[in-house]
Amino acid sequence: MASFFIMILNIVQILLDVAWWIIFVQFILSILISFNVINTYYDFVRGTWNGLNAVTEPVYRPIRRMLPDTGTLDFAPLIVLILIRIISGAVLPWLYQMVSSAG
C-alpha cells in the first residue's frame with residue numbers, strides 16, 4: 001500500500017514540475033510579446049499564448065482576487081511558482097517520509 005502512495009506522490013511531483021515549466025514559458029513569452037520581440041500576428045505564437053493562458057488562468061484567477069491591484073504588474077505567476085516550490089520542497093518530502101515510515 002505504501003508503494004501506491006509513493007507512486008501517487010511521484011505523479012504529483014511530475015505534475016508540479018510540468019506546471020512550473022508551463023508558467024516559466026508563459027512568463028518568457030509574455031516578456032517577448034510585451035517588448036515586441038515576437039508578436040501575436042503569427043498563428044503559432046497566438047495559439048501558444050492562448051493555450052498557455054487557458055491552462056494557467058484558472059490557477060491565477062483566485063490568487064489575483066486576493067492580491068492588491070498593482071497595475072500592469074501581475075504577481076500571480078510568482079505566487080504560484082512560490083507555492084509550487086513550497087509543495088515540492090517541503091510538503092512532498094514530508095509526505096514521502098510519512099508514507100515510508102508507515103509502510
# chains A, B, ... in the order shown; residues from 1 in each chain; ligands from 1
call {"tool": "select_by_dssp", "arguments": {"residues": "chain A", "states": "helix (DSSP H, G or I)", "output": "VMD selection string"}}
result
chain A and resid 2 to 34 43 to 66 76 to 102
call {"tool": "residues_around", "arguments": {"residues": "Ser88 of chain A", "least_positions_apart": "4", "cutoff": "10 Å", "atoms": "only C-alpha atoms", "output": "list in words"}}
result
Val12, Gln13, Ile14, Leu16, Asp17, Ile82, Leu83, Ile84, Leu92, Pro93 and Trp94 of chain A
call {"tool": "closest_residue", "arguments": {"among": "A:Ala54, A:Met1, A:Ile6, A:Leu15", "to": "Gln97 of chain A", "atoms": "only C-alpha atoms"}}
result
A:Ile6
call {"tool": "closest_residue", "arguments": {"among": "A:Phe5, A:Trp21, A:Phe44, A:Phe27", "to": "Met98 of chain A", "atoms": "only C-alpha atoms"}}
result
A:Phe5
call {"tool": "closest_residue", "arguments": {"among": "A:Gln26, A:Ser34, A:Asn39, A:Thr70", "to": "Leu52 of chain A", "atoms": "only C-alpha atoms"}}
result
A:Gln26
call {"tool": "residues_around", "arguments": {"residues": "Thr56 of chain A", "least_positions_apart": "5", "cutoff": "9 Å", "atoms": "only C-alpha atoms", "output": "JSON, numbers by chain"}}
result
{"A": [19, 22, 23, 26, 51, 61, 77]}
call {"tool": "closest_residue", "arguments": {"among": "A:Ala102, A:Leu32, A:Ala76, A:Ile63", "to": "Ala2 of chain A", "atoms": "only C-alpha atoms"}}
result
A:Ala102
call {"tool": "closest_residue", "arguments": {"among": "A:Asn10, A:Asp69, A:Thr40, A:Trp20", "to": "Arg85 of chain A", "atoms": "only C-alpha atoms"}}
result
A:Trp20
